[in-house]
There are 2 protein chains.
Amino acid sequence: MSDATRTKGLEGVVAGSSSISMVEGTEGRLSYRGYKIQDLAANSQFEEVLYLLINGELPNKEQLAQITSTLRERRDLPKEAMDVLRVLPTTGEPIDVLRTVASTLALMDKEVNNTEHDAVVDKALTLAARFPTIVAAYNHLRNGKEPVAPSKELGHAANLLYMVRGEKPPEEDSSALNTYMVLAAEHSFNASTFTAKIVISTLSDYYSAIVAALSSLKGVSHGGANQKAMEMMLEVGNVDNVESFIDNALATKRRLMGMGHRIYKTYDPRAAQLNEHARIVAERSGNTRWYDIAQKIDNISHTHPYFSERKIYPNVEFYSAPLLYTLGFQPDMMPALFGCSRIAGWSAHILEQLQDNRIIRPNADYVGPEIRDYVAVDGR
Amino acid sequence: MSDATRTKGLEGVVAGSSSISMVEGTEGRLSYRGYKIQDLAANSQFEEVLYLLINGELPNKEQLAQITSTLRERRDLPKEAMDVLRVLPTTGEPIDVLRTVASTLALMDKEVNNTEHDAVVDKALTLAARFPTIVAAYNHLRNGKEPVAPSKELGHAANLLYMVRGEKPPEEDSSALNTYMVLAAEHSFNASTFTAKIVISTLSDYYSAIVAALSSLKGVSHGGANQKAMEMMLEVGNVDNVESFIDNALATKRRLMGMGHRIYKTYDPRAAQLNEHARIVAERSGNTRWYDIAQKIDNISHTHPYFSERKIYPNVEFYSAPLLYTLGFQPDMMPALFGCSRIAGWSAHILEQLQDNRIIRPNADYVGPEIRDYVAVDGR
């Protein structure tokens with residue numbers, strides 16, 4: 001077995017040190033900057049977690065007020081970004097639109113290439129504030145409606161719901177979305193975060209790193225899984241169909257979406273938190289159909305030997321699907337919502353990479369043809 | 001020393017196997033699919049190298065005619081992409097614009113998420129054909145001029161020059177640009193290529209991988225170096241200033257751009273080829289000022305102990321700077337031109353990754369705070 005085989009997918013390879021989050025896959029534990037994810041999900045607003053991830057410590061009252069008001073002030077999009085949004089085809093996927101507009105915003109920043117710490121923090125707050133506005137505006141535009149201007153009064157998650165719905169959301173809904181955003185904010189060197197780290201390691205710029213991270217997040221083996229999980233639940237259609245659906249999936253070797261994780265070999269700690277919020281939102285909405293389907297699949301994963309032997313349990317995408325769907329988001333909005341959350345972790349890792357930078361450039365094990373003579377086209 | 005320190009920047013870590021190019025850093029050798037870079041630079045059009053990198057073999061006469069005509073037919077941009085180009089601010093960097101429009105093109109592809117081999121090859125040819133059109137159109141638009149429609153008669157490099165200049169270029173100029181594009185087409189697991197590999201490893205899509213690769217290429221430690229090298233030569237201004245400029249740079253620990261390479265510890269084989277073409281183009285243009293400056297810096301790097309002890313010699317960016325500048329490209333166009341070339345290698349690596357895919361997701365060595373109790377904001 002060659003080196004190349006052993007490090008396929010860089011599995012188990014330590015690619016650097018980080019003080020941002022601790023993922024203990026065997027124990028099913030996750031913490032941000034030393035704070036257990038359960039405590040943050042139960043107590044913190046997304047704004048507070050963004051501050052924590054970027055700065056390393058929870059904000060005091062003044063610091064929290066400061067970041068909250070900064071985010072509120074920066075929600076509006078520049079005119080040029082709105083112009084681009086209006087020109088884009090309405091058939092695009094929201095995460096591709098988010099990426100395109102994030103890329104456009106780079107063109108309007110005269111200090112785009114400034115990678116000093118304070119400048120990057122400033123850009124991070126601006127993009128984090130604008131991401132929900134981009135996603136909500138495109139969703140209105142593709143449905144033939146004028147975008148709803150962001151509120152300056154609401155919290156980060158509540159404002160996102162407000163812009164999508166056009167009316168102020170009830171507290172339980174905002175709280176559920178906030179919990180999702182806190183849980184999805186950071187997860188160490190996952191593929192999109194590692195993508196952001198590589199990009200900034202070349203001394204490219206903050207926007208480039210975020211655009212690349214969005215490109216990576218989209219994959220169905222990564223942040224695109226919540227959409228696929230929801231599409232799967234829609235296909236199941238009814239809780240009574242779950243058992244036959246799973247039997248069929250196992251028989252045809254069809255992959256179940258939102259199940260299993262490279263790192264967690266026990267229950268994903270984020271899934272448990274989302275389960276609770278998904279249940280509350282479903283019950284309040286009077287429609288528990290999608291929650292019930294998710295719950296039934298989850299139960300089967302704990303009793304059916306196929307899943308328990310392989311340690312395949314619901315991951316963070318799994319319960320986020322019925323949660324976000326019940327809150328009113330179409331499946332294709334879900335990867336973009338993941339991006340609105342994960343920008344917190346990406347920004348923290350970009351700052352950390354810049355603090356002690358070295359270009360990330362691995363080697364390849366060359367297995368191609370030996371050196372051969374060039375033959376002109378007439379002789380081929 | 002921890003694992004994390006040893007693998008910083010993944011230096012020396014084998015991240016996978018590849019049969020696309022062989023980089024022999026100690027010997028200063030580079031080959032694509034077994035063909036020495038010297039042979040390809042001397043004999044091949046970019047179209048032929050694109051075919052070679054993607055398919056693994058040089059095309060025969062019919063295959064070469066096919067890819068050449070496919071690229072010519074696909075040079076036009078869709079109306080929506082031109083609309084976006086016209087809306088973008090004229091102050092942006094060309095590589096950021098190329099990234100933004102590449103991201104936009106994803107929204108117009110109804111099969112955007114198709115990652116089957118033939119579909120990806122098809123998308124690769126379309127984007128490779130359109131990249132020069134995007135770069136040339138933006139350059140005209142930012143200068144207040146209407147873009148020049150691509151020619152269907154000219155080769156890939158000649159057409160690029162034609163769209164930028166508005167007139168058919170002489171053969172020597174097209175040949176020099178073609179050589180640059182061949183030499184810059186591929187270089188194993190460099191940062192941008194590895195970025196593309198990670199993105200596609202999540203089962204994201206071809207456009208996402210290319211957009212992310214462009215984001216990574218931009219860095220001044222990577223594809224942004226040709227621009228910085230040219231800006232440095234412009235600052236030197238005259239060959240008589242080279243010695244004092246270098247003395248000053250060494251005294252102030254200023255990094256010389258376009259010099260040194262993680263992999264090559266001897267002369268970069270691409271620099272030698274570009275040197276020759278840069279000389280020809282400069283002599284023909286009647287202005288050898290920038291070539292002379294480059295040549296003098298190169299000479300000093302071989303005689304001055306500071307450089308020879310550290311094995312810091314000109315790399316591919318170094319001679320590409322005076323070459324491209326003399327051909328009429330402003331410094332900020334150079335990273336975008338690099339992208340027009342490297343899309344060949346990126347596409348080959350995306351296809352190779354998809355053939356035997358596993359998500360690329362390394363581990364982090366957590367060095368942050370131990371688990372601590374959450375304290376409500378009032379108590380902080």
# chains A, B, ... in the order shown; residues from 1 in each chain; ligands from 1
>>> residues_around(residues="stretch 112-115 of chain A", least_positions_apart="2", cutoff="12 Å", atoms="only C-alpha atoms", output="mmCIF file with all heavy atoms, in the first residue's frame")
data_model
loop_
_atom_site.group_PDB
_atom_site.id
_atom_site.type_symbol
_atom_site.label_atom_id
_atom_site.label_comp_id
_atom_site.auth_asym_id
_atom_site.auth_seq_id
_atom_site.Cartn_x
_atom_site.Cartn_y
_atom_site.Cartn_z
ATOM 1 N N SER A 103 -18.938 36.930 -4.909
ATOM 2 C CA SER A 103 -17.814 37.221 -5.812
ATOM 3 C C SER A 103 -17.917 38.641 -6.368
ATOM 4 O O SER A 103 -16.921 39.346 -6.513
ATOM 5 C CB SER A 103 -17.809 36.189 -6.943
ATOM 6 O OG SER A 103 -16.741 36.404 -7.822
ATOM 7 N N THR A 104 -19.141 39.063 -6.644
ATOM 8 C CA THR A 104 -19.365 40.416 -7.145
ATOM 9 C C THR A 104 -19.003 41.473 -6.098
ATOM 10 O O THR A 104 -18.439 42.523 -6.433
ATOM 11 C CB THR A 104 -20.852 40.590 -7.534
ATOM 12 O OG1 THR A 104 -21.196 39.604 -8.500
ATOM 13 C CG2 THR A 104 -21.117 41.971 -8.105
ATOM 14 N N LEU A 105 -19.339 41.192 -4.843
ATOM 15 C CA LEU A 105 -19.071 42.169 -3.777
ATOM 16 C C LEU A 105 -17.571 42.473 -3.658
ATOM 17 O O LEU A 105 -17.183 43.571 -3.259
ATOM 18 C CB LEU A 105 -19.629 41.672 -2.440
ATOM 19 C CG LEU A 105 -21.170 41.689 -2.341
ATOM 20 C CD1 LEU A 105 -21.637 40.975 -1.077
ATOM 21 C CD2 LEU A 105 -21.713 43.126 -2.372
ATOM 22 N N ALA A 106 -16.746 41.490 -4.025
ATOM 23 C CA ALA A 106 -15.295 41.725 -4.006
ATOM 24 C C ALA A 106 -14.910 42.876 -4.929
ATOM 25 O O ALA A 106 -13.982 43.641 -4.651
ATOM 26 C CB ALA A 106 -14.551 40.456 -4.425
ATOM 27 N N LEU A 107 -15.638 42.989 -6.030
ATOM 28 C CA LEU A 107 -15.297 44.002 -7.034
ATOM 29 C C LEU A 107 -15.610 45.418 -6.551
ATOM 30 O O LEU A 107 -15.150 46.392 -7.137
ATOM 31 C CB LEU A 107 -16.064 43.731 -8.331
ATOM 32 C CG LEU A 107 -15.796 42.368 -8.969
ATOM 33 C CD1 LEU A 107 -16.797 42.099 -10.072
ATOM 34 C CD2 LEU A 107 -14.386 42.311 -9.514
ATOM 35 N N MET A 108 -16.428 45.501 -5.508
ATOM 36 C CA MET A 108 -16.835 46.819 -5.004
ATOM 37 C C MET A 108 -16.041 47.246 -3.790
ATOM 38 O O MET A 108 -16.274 48.309 -3.240
ATOM 39 C CB MET A 108 -18.309 46.780 -4.625
ATOM 40 C CG MET A 108 -19.197 46.761 -5.830
ATOM 41 S SD MET A 108 -20.713 45.907 -5.430
ATOM 42 C CE MET A 108 -20.980 45.095 -6.995
ATOM 43 N N ASP A 109 -15.142 46.372 -3.340
ATOM 44 C CA ASP A 109 -14.349 46.668 -2.149
ATOM 45 C C ASP A 109 -12.986 47.175 -2.610
ATOM 46 O O ASP A 109 -12.173 46.412 -3.127
ATOM 47 C CB ASP A 109 -14.212 45.397 -1.305
ATOM 48 C CG ASP A 109 -13.470 45.648 0.005
ATOM 49 O OD1 ASP A 109 -12.807 46.700 0.126
ATOM 50 O OD2 ASP A 109 -13.543 44.783 0.893
ATOM 51 N N LYS A 110 -12.732 48.450 -2.389
ATOM 52 C CA LYS A 110 -11.456 49.030 -2.840
ATOM 53 C C LYS A 110 -10.271 48.437 -2.090
ATOM 54 O O LYS A 110 -9.137 48.510 -2.551
ATOM 55 C CB LYS A 110 -11.489 50.549 -2.667
ATOM 56 C CG LYS A 110 -12.458 51.243 -3.625
ATOM 57 C CD LYS A 110 -12.199 52.755 -3.680
ATOM 58 C CE LYS A 110 -13.150 53.429 -4.658
ATOM 59 N NZ LYS A 110 -14.551 53.462 -4.145
ATOM 60 N N HIS A 117 -5.502 41.700 9.977
ATOM 61 C CA HIS A 117 -6.517 41.115 10.866
ATOM 62 C C HIS A 117 -7.795 41.961 10.949
ATOM 63 O O HIS A 117 -8.899 41.458 10.700
ATOM 64 C CB HIS A 117 -5.926 40.921 12.267
ATOM 65 C CG HIS A 117 -6.884 40.293 13.223
ATOM 66 N ND1 HIS A 117 -7.015 38.933 13.367
ATOM 67 C CD2 HIS A 117 -7.814 40.837 14.058
ATOM 68 C CE1 HIS A 117 -7.961 38.669 14.247
ATOM 69 N NE2 HIS A 117 -8.454 39.807 14.689
ATOM 70 N N ASP A 118 -7.650 43.227 11.291
ATOM 71 C CA ASP A 118 -8.841 44.055 11.498
ATOM 72 C C ASP A 118 -9.644 44.235 10.213
ATOM 73 O O ASP A 118 -10.875 44.295 10.239
ATOM 74 C CB ASP A 118 -8.447 45.438 12.051
ATOM 75 C CG ASP A 118 -7.913 45.323 13.473
ATOM 76 O OD1 ASP A 118 -7.969 44.217 14.052
ATOM 77 O OD2 ASP A 118 -7.418 46.341 13.997
ATOM 78 N N ALA A 119 -8.938 44.314 9.093
ATOM 79 C CA ALA A 119 -9.630 44.466 7.805
ATOM 80 C C ALA A 119 -10.435 43.211 7.482
ATOM 81 O O ALA A 119 -11.571 43.292 6.997
ATOM 82 C CB ALA A 119 -8.622 44.753 6.691
ATOM 83 N N VAL A 120 -9.859 42.049 7.766
ATOM 84 C CA VAL A 120 -10.567 40.794 7.481
ATOM 85 C C VAL A 120 -11.787 40.654 8.399
ATOM 86 O O VAL A 120 -12.866 40.240 7.959
ATOM 87 C CB VAL A 120 -9.614 39.586 7.605
ATOM 88 C CG1 VAL A 120 -10.376 38.263 7.531
ATOM 89 C CG2 VAL A 120 -8.549 39.641 6.507
ATOM 90 N N VAL A 121 -11.630 41.022 9.672
ATOM 91 C CA VAL A 121 -12.779 40.973 10.589
ATOM 92 C C VAL A 121 -13.894 41.874 10.063
ATOM 93 O O VAL A 121 -15.071 41.485 10.029
ATOM 94 C CB VAL A 121 -12.368 41.404 12.019
ATOM 95 C CG1 VAL A 121 -13.594 41.597 12.908
ATOM 96 C CG2 VAL A 121 -11.421 40.375 12.630
ATOM 97 N N ASP A 122 -13.518 43.044 9.610
ATOM 98 C CA ASP A 122 -14.501 43.993 9.090
ATOM 99 C C ASP A 122 -15.246 43.419 7.879
ATOM 100 O O ASP A 122 -16.472 43.481 7.783
ATOM 101 C CB ASP A 122 -13.775 45.286 8.712
ATOM 102 C CG ASP A 122 -14.755 46.413 8.455
ATOM 103 O OD1 ASP A 122 -15.443 46.814 9.409
ATOM 104 O OD2 ASP A 122 -14.844 46.858 7.295
ATOM 105 N N LYS A 123 -14.495 42.827 6.959
ATOM 106 C CA LYS A 123 -15.121 42.208 5.778
ATOM 107 C C LYS A 123 -16.018 41.042 6.189
ATOM 108 O O LYS A 123 -17.089 40.820 5.603
ATOM 109 C CB LYS A 123 -14.038 41.719 4.808
ATOM 110 C CG LYS A 123 -13.228 42.835 4.144
ATOM 111 C CD LYS A 123 -12.092 42.253 3.292
ATOM 112 C CE LYS A 123 -10.926 43.217 3.120
ATOM 113 N NZ LYS A 123 -11.244 44.549 2.624
ATOM 114 N N ALA A 124 -15.574 40.279 7.184
ATOM 115 C CA ALA A 124 -16.356 39.116 7.641
ATOM 116 C C ALA A 124 -17.716 39.564 8.179
ATOM 117 O O ALA A 124 -18.745 38.945 7.888
ATOM 118 C CB ALA A 124 -15.581 38.340 8.706
ATOM 119 N N ILE A 200 -6.783 31.130 1.228
ATOM 120 C CA ILE A 200 -6.141 32.271 1.893
ATOM 121 C C ILE A 200 -4.643 31.999 2.076
ATOM 122 O O ILE A 200 -3.837 32.937 2.151
ATOM 123 C CB ILE A 200 -6.844 32.616 3.224
ATOM 124 C CG1 ILE A 200 -6.613 34.101 3.570
ATOM 125 C CG2 ILE A 200 -6.401 31.745 4.368
ATOM 126 C CD1 ILE A 200 -7.290 35.098 2.695
ATOM 127 N N SER A 201 -4.244 30.737 2.106
ATOM 128 C CA SER A 201 -2.815 30.416 2.280
ATOM 129 C C SER A 201 -1.971 30.870 1.088
ATOM 130 O O SER A 201 -0.757 31.021 1.210
ATOM 131 C CB SER A 201 -2.614 28.903 2.514
ATOM 132 O OG SER A 201 -2.548 28.174 1.289
ATOM 133 N N THR A 202 -2.599 31.089 -0.070
ATOM 134 C CA THR A 202 -1.860 31.607 -1.226
ATOM 135 C C THR A 202 -1.717 33.118 -1.147
ATOM 136 O O THR A 202 -1.190 33.739 -2.071
ATOM 137 C CB THR A 202 -2.577 31.271 -2.550
ATOM 138 O OG1 THR A 202 -3.763 32.072 -2.653
ATOM 139 C CG2 THR A 202 -2.930 29.803 -2.663
ATOM 140 N N LEU A 203 -2.243 33.710 -0.059
ATOM 141 C CA LEU A 203 -2.347 35.170 0.095
ATOM 142 C C LEU A 203 -3.276 35.754 -0.961
ATOM 143 O O LEU A 203 -3.062 36.857 -1.465
ATOM 144 C CB LEU A 203 -0.975 35.842 0.089
ATOM 145 C CG LEU A 203 -0.092 35.388 1.253
ATOM 146 C CD1 LEU A 203 1.283 36.026 1.168
ATOM 147 C CD2 LEU A 203 -0.753 35.745 2.596
ATOM 148 N N SER A 204 -4.312 34.982 -1.278
ATOM 149 C CA SER A 204 -5.427 35.530 -2.020
ATOM 150 C C SER A 204 -6.207 36.423 -1.038
ATOM 151 O O SER A 204 -5.635 36.866 -0.044
ATOM 152 C CB SER A 204 -6.281 34.375 -2.562
ATOM 153 O OG SER A 204 -7.270 34.837 -3.434
ATOM 154 N N ASP A 205 -7.457 36.706 -1.268
ATOM 155 C CA ASP A 205 -8.172 37.638 -0.394
ATOM 156 C C ASP A 205 -9.354 36.965 0.300
ATOM 157 O O ASP A 205 -9.728 35.846 -0.033
ATOM 158 C CB ASP A 205 -8.658 38.832 -1.214
ATOM 159 C CG ASP A 205 -9.705 38.430 -2.219
ATOM 160 O OD1 ASP A 205 -9.338 37.941 -3.311
ATOM 161 O OD2 ASP A 205 -10.896 38.555 -1.921
ATOM 162 N N TYR A 206 -9.939 37.689 1.275
ATOM 163 C CA TYR A 206 -11.042 37.150 2.070
ATOM 164 C C TYR A 206 -12.213 36.696 1.205
ATOM 165 O O TYR A 206 -12.758 35.608 1.390
ATOM 166 C CB TYR A 206 -11.499 38.196 3.100
ATOM 167 C CG TYR A 206 -12.725 37.759 3.864
ATOM 168 C CD1 TYR A 206 -12.631 36.841 4.903
ATOM 169 C CD2 TYR A 206 -13.992 38.244 3.532
ATOM 170 C CE1 TYR A 206 -13.760 36.421 5.596
ATOM 171 C CE2 TYR A 206 -15.126 37.823 4.219
ATOM 172 C CZ TYR A 206 -15.007 36.910 5.245
ATOM 173 O OH TYR A 206 -16.117 36.485 5.915
ATOM 174 N N TYR A 207 -12.619 37.517 0.254
ATOM 175 C CA TYR A 207 -13.762 37.151 -0.598
ATOM 176 C C TYR A 207 -13.470 35.869 -1.366
ATOM 177 O O TYR A 207 -14.338 35.005 -1.503
ATOM 178 C CB TYR A 207 -14.079 38.264 -1.608
ATOM 179 C CG TYR A 207 -14.517 39.556 -0.988
ATOM 180 C CD1 TYR A 207 -13.587 40.532 -0.640
ATOM 181 C CD2 TYR A 207 -15.855 39.819 -0.735
ATOM 182 C CE1 TYR A 207 -13.986 41.731 -0.062
ATOM 183 C CE2 TYR A 207 -16.266 41.012 -0.158
ATOM 184 C CZ TYR A 207 -15.319 41.963 0.178
ATOM 185 O OH TYR A 207 -15.705 43.140 0.752
ATOM 186 N N SER A 208 -12.271 35.767 -1.917
ATOM 187 C CA SER A 208 -11.897 34.567 -2.665
ATOM 188 C C SER A 208 -12.042 33.331 -1.796
ATOM 189 O O SER A 208 -12.545 32.291 -2.248
ATOM 190 C CB SER A 208 -10.450 34.675 -3.156
ATOM 191 O OG SER A 208 -10.324 35.679 -4.130
ATOM 192 N N ALA A 209 -11.602 33.437 -0.550
ATOM 193 C CA ALA A 209 -11.672 32.287 0.352
ATOM 194 C C ALA A 209 -13.130 31.906 0.618
ATOM 195 O O ALA A 209 -13.478 30.722 0.652
ATOM 196 C CB ALA A 209 -10.946 32.593 1.662
ATOM 197 N N SER A 347 -14.717 32.336 8.515
ATOM 198 C CA SER A 347 -14.015 33.596 8.801
ATOM 199 C C SER A 347 -12.992 33.397 9.912
ATOM 200 O O SER A 347 -11.872 33.922 9.843
ATOM 201 C CB SER A 347 -15.026 34.684 9.187
ATOM 202 O OG SER A 347 -15.921 34.911 8.105
ATOM 203 N N ILE A 350 -10.037 31.514 8.455
ATOM 204 C CA ILE A 350 -9.245 32.384 7.569
ATOM 205 C C ILE A 350 -8.313 33.252 8.423
ATOM 206 O O ILE A 350 -7.119 33.385 8.134
ATOM 207 C CB ILE A 350 -10.178 33.252 6.691
ATOM 208 C CG1 ILE A 350 -10.888 32.374 5.653
ATOM 209 C CG2 ILE A 350 -9.415 34.394 6.020
ATOM 210 C CD1 ILE A 350 -12.069 33.052 4.959
ATOM 211 N N LEU A 351 -8.859 33.831 9.488
ATOM 212 C CA LEU A 351 -8.046 34.660 10.383
ATOM 213 C C LEU A 351 -6.938 33.828 11.034
ATOM 214 O O LEU A 351 -5.792 34.281 11.144
ATOM 215 C CB LEU A 351 -8.935 35.299 11.455
ATOM 216 C CG LEU A 351 -9.850 36.419 10.939
ATOM 217 C CD1 LEU A 351 -11.001 36.673 11.920
ATOM 218 C CD2 LEU A 351 -9.049 37.707 10.718
ATOM 219 N N GLU A 352 -7.279 32.631 11.442
ATOM 220 C CA GLU A 352 -6.284 31.765 12.093
ATOM 221 C C GLU A 352 -5.175 31.371 11.108
ATOM 222 O O GLU A 352 -3.989 31.355 11.452
ATOM 223 C CB GLU A 352 -6.971 30.521 12.652
ATOM 224 C CG GLU A 352 -6.082 29.668 13.521
ATOM 225 C CD GLU A 352 -6.836 28.485 14.130
ATOM 226 O OE1 GLU A 352 -7.287 27.617 13.363
ATOM 227 O OE2 GLU A 352 -6.985 28.439 15.356
ATOM 228 N N GLN A 353 -5.555 31.056 9.874
ATOM 229 C CA GLN A 353 -4.559 30.684 8.866
ATOM 230 C C GLN A 353 -3.608 31.857 8.599
ATOM 231 O O GLN A 353 -2.391 31.680 8.471
ATOM 232 C CB GLN A 353 -5.259 30.261 7.570
ATOM 233 C CG GLN A 353 -4.323 29.889 6.418
ATOM 234 C CD GLN A 353 -3.551 28.596 6.649
ATOM 235 O OE1 GLN A 353 -4.039 27.673 7.306
ATOM 236 N NE2 GLN A 353 -2.330 28.537 6.130
ATOM 237 N N LEU A 354 -4.157 33.069 8.525
ATOM 238 C CA LEU A 354 -3.333 34.250 8.233
ATOM 239 C C LEU A 354 -2.355 34.560 9.367
ATOM 240 O O LEU A 354 -1.297 35.138 9.131
ATOM 241 C CB LEU A 354 -4.228 35.472 7.977
ATOM 242 C CG LEU A 354 -4.918 35.517 6.604
ATOM 243 C CD1 LEU A 354 -5.989 36.603 6.584
ATOM 244 C CD2 LEU A 354 -3.899 35.750 5.480
ATOM 245 N N GLN A 355 -2.714 34.165 10.581
ATOM 246 C CA GLN A 355 -1.843 34.455 11.734
ATOM 247 C C GLN A 355 -0.507 33.735 11.646
ATOM 248 O O GLN A 355 0.476 34.172 12.233
ATOM 249 C CB GLN A 355 -2.531 34.009 13.033
ATOM 250 C CG GLN A 355 -3.367 35.100 13.670
ATOM 251 C CD GLN A 355 -4.079 34.586 14.900
ATOM 252 O OE1 GLN A 355 -3.851 33.461 15.331
ATOM 253 N NE2 GLN A 355 -4.949 35.413 15.450
ATOM 254 N N ASN A 357 0.874 31.816 8.558
ATOM 255 C CA ASN A 357 0.575 31.281 7.229
ATOM 256 C C ASN A 357 1.750 30.571 6.563
ATOM 257 O O ASN A 357 2.899 30.970 6.702
ATOM 258 C CB ASN A 357 0.107 32.421 6.304
ATOM 259 C CG ASN A 357 -0.436 31.880 5.000
ATOM 260 O OD1 ASN A 357 -1.213 30.936 5.013
ATOM 261 N ND2 ASN A 357 -0.002 32.435 3.892
ATOM 262 N N THR B 91 -13.841 48.902 -11.790
ATOM 263 C CA THR B 91 -12.637 48.989 -10.960
ATOM 264 C C THR B 91 -12.137 47.633 -10.486
ATOM 265 O O THR B 91 -11.145 47.546 -9.769
ATOM 266 C CB THR B 91 -12.935 49.840 -9.712
ATOM 267 O OG1 THR B 91 -14.155 49.340 -9.129
ATOM 268 C CG2 THR B 91 -13.122 51.294 -10.074
ATOM 269 N N GLY B 92 -12.819 46.557 -10.864
ATOM 270 C CA GLY B 92 -12.457 45.236 -10.355
ATOM 271 C C GLY B 92 -11.177 44.698 -10.978
ATOM 272 O O GLY B 92 -10.724 45.153 -12.029
ATOM 273 N N GLU B 93 -10.605 43.702 -10.318
ATOM 274 C CA GLU B 93 -9.452 43.014 -10.889
ATOM 275 C C GLU B 93 -9.958 41.976 -11.888
ATOM 276 O O GLU B 93 -10.929 41.262 -11.614
ATOM 277 C CB GLU B 93 -8.663 42.318 -9.789
ATOM 278 C CG GLU B 93 -8.033 43.312 -8.836
ATOM 279 C CD GLU B 93 -7.312 42.611 -7.701
ATOM 280 O OE1 GLU B 93 -6.463 41.752 -7.976
ATOM 281 O OE2 GLU B 93 -7.619 42.934 -6.543
ATOM 282 N N ASP B 96 -10.890 38.553 -10.613
ATOM 283 C CA ASP B 96 -12.126 38.530 -9.825
ATOM 284 C C ASP B 96 -13.349 38.558 -10.748
ATOM 285 O O ASP B 96 -14.384 37.957 -10.451
ATOM 286 C CB ASP B 96 -12.177 39.727 -8.869
ATOM 287 C CG ASP B 96 -11.190 39.593 -7.716
ATOM 288 O OD1 ASP B 96 -10.637 38.491 -7.525
ATOM 289 O OD2 ASP B 96 -10.964 40.601 -7.014
ATOM 290 N N LYS B 218 -5.466 33.316 -7.508
ATOM 291 C CA LYS B 218 -5.242 34.753 -7.394
ATOM 292 C C LYS B 218 -4.130 35.144 -6.418
ATOM 293 O O LYS B 218 -3.516 36.194 -6.547
ATOM 294 C CB LYS B 218 -6.558 35.408 -6.947
ATOM 295 C CG LYS B 218 -6.457 36.890 -6.824
ATOM 296 C CD LYS B 218 -7.708 37.518 -6.222
ATOM 297 C CE LYS B 218 -7.417 38.982 -5.919
ATOM 298 N NZ LYS B 218 -8.565 39.682 -5.336
ATOM 299 N N GLY B 219 -3.878 34.286 -5.420
ATOM 300 C CA GLY B 219 -2.936 34.649 -4.365
ATOM 301 C C GLY B 219 -1.554 35.024 -4.881
ATOM 302 O O GLY B 219 -1.067 34.442 -5.843
ATOM 303 N N VAL B 220 -0.929 35.974 -4.236
ATOM 304 C CA VAL B 220 0.387 36.426 -4.700
ATOM 305 C C VAL B 220 1.457 35.361 -4.486
ATOM 306 O O VAL B 220 2.519 35.418 -5.106
ATOM 307 C CB VAL B 220 0.825 37.755 -4.035
ATOM 308 C CG1 VAL B 220 -0.106 38.872 -4.434
ATOM 309 C CG2 VAL B 220 0.892 37.630 -2.522
ATOM 310 N N GLY B 224 -0.961 34.940 -8.662
ATOM 311 C CA GLY B 224 -0.900 36.401 -8.628
ATOM 312 C C GLY B 224 0.524 36.928 -8.712
ATOM 313 O O GLY B 224 0.753 38.139 -8.777
#
>>> residues_around(residues="A:Leu30", least_positions_apart="5", cutoff="9 Å", atoms="only C-alpha atoms", output="PDB file with C-alpha atoms, in the first residue's frame")
ATOM      1  CA  SER A  21     -13.456  24.012  17.588  1.00  0.00           C
ATOM      2  CA  MET A  22     -12.891  20.602  19.070  1.00  0.00           C
ATOM      3  CA  VAL A  23     -14.570  17.670  17.359  1.00  0.00           C
ATOM      4  CA  GLU A  24     -14.464  14.450  19.373  1.00  0.00           C
ATOM      5  CA  GLY A  25     -15.897  12.029  16.875  1.00  0.00           C
ATOM      6  CA  TYR A  35     -17.905  25.947  24.929  1.00  0.00           C
ATOM      7  CA  LYS A  36     -20.059  22.868  24.461  1.00  0.00           C
ATOM      8  CA  ILE A  37     -22.334  23.085  21.463  1.00  0.00           C
ATOM      9  CA  GLN A  38     -25.309  22.195  23.672  1.00  0.00           C
ATOM     10  CA  HIS A 187     -16.941  22.255  12.385  1.00  0.00           C
ATOM     11  CA  ASP A 268     -23.914  13.603  15.808  1.00  0.00           C
ATOM     12  CA  PRO A 269     -24.353  15.936  18.820  1.00  0.00           C
ATOM     13  CA  ARG A 270     -25.934  18.547  16.565  1.00  0.00           C
TER      14      ARG A 270
END
>>> residues_around(residues="stretch 239-242 of chain A", least_positions_apart="3", cutoff="8 Å", atoms="only C-alpha atoms", output="JSON, numbers by chain")
{"A": [236, 245, 246, 289, 292, 293, 296, 297]}
>>> atom_distance(atom1="atom CA of A:Ala225", atom2="atom CA of A:Pro331")
10.1 Å
>>> residues_around(residues="stretch 138-146 of chain B", least_positions_apart="2", cutoff="7 Å", atoms="only C-alpha atoms", output="PyMOL selection string")
chain B and resi 85+90+134-136+148
>>> residues_around(residues="B:Ile67", least_positions_apart="3", cutoff="12 Å", atoms="only C-alpha atoms", output="PyMOL selection string")
chain B and resi 45-52+54-55+58-64+70-74+121-122+124-126+128-129+155-156
>>> residues_around(residues="B:Ala212", least_positions_apart="2", cutoff="8 Å", atoms="only C-alpha atoms", output="ChimeraX atom specification")
/A:208,211-213,215-216 /B:192,195-196,199,208-210,214-216
>>> atom_distance(atom1="atom CA of A:Thr133", atom2="atom CA of A:Leu160")
7.2 Å
>>> closest_residue(among="A:Ala184, A:Leu40, A:Ile360, A:Ala344", to="A:Leu53", atoms="only C-alpha atoms")
A:Ala344
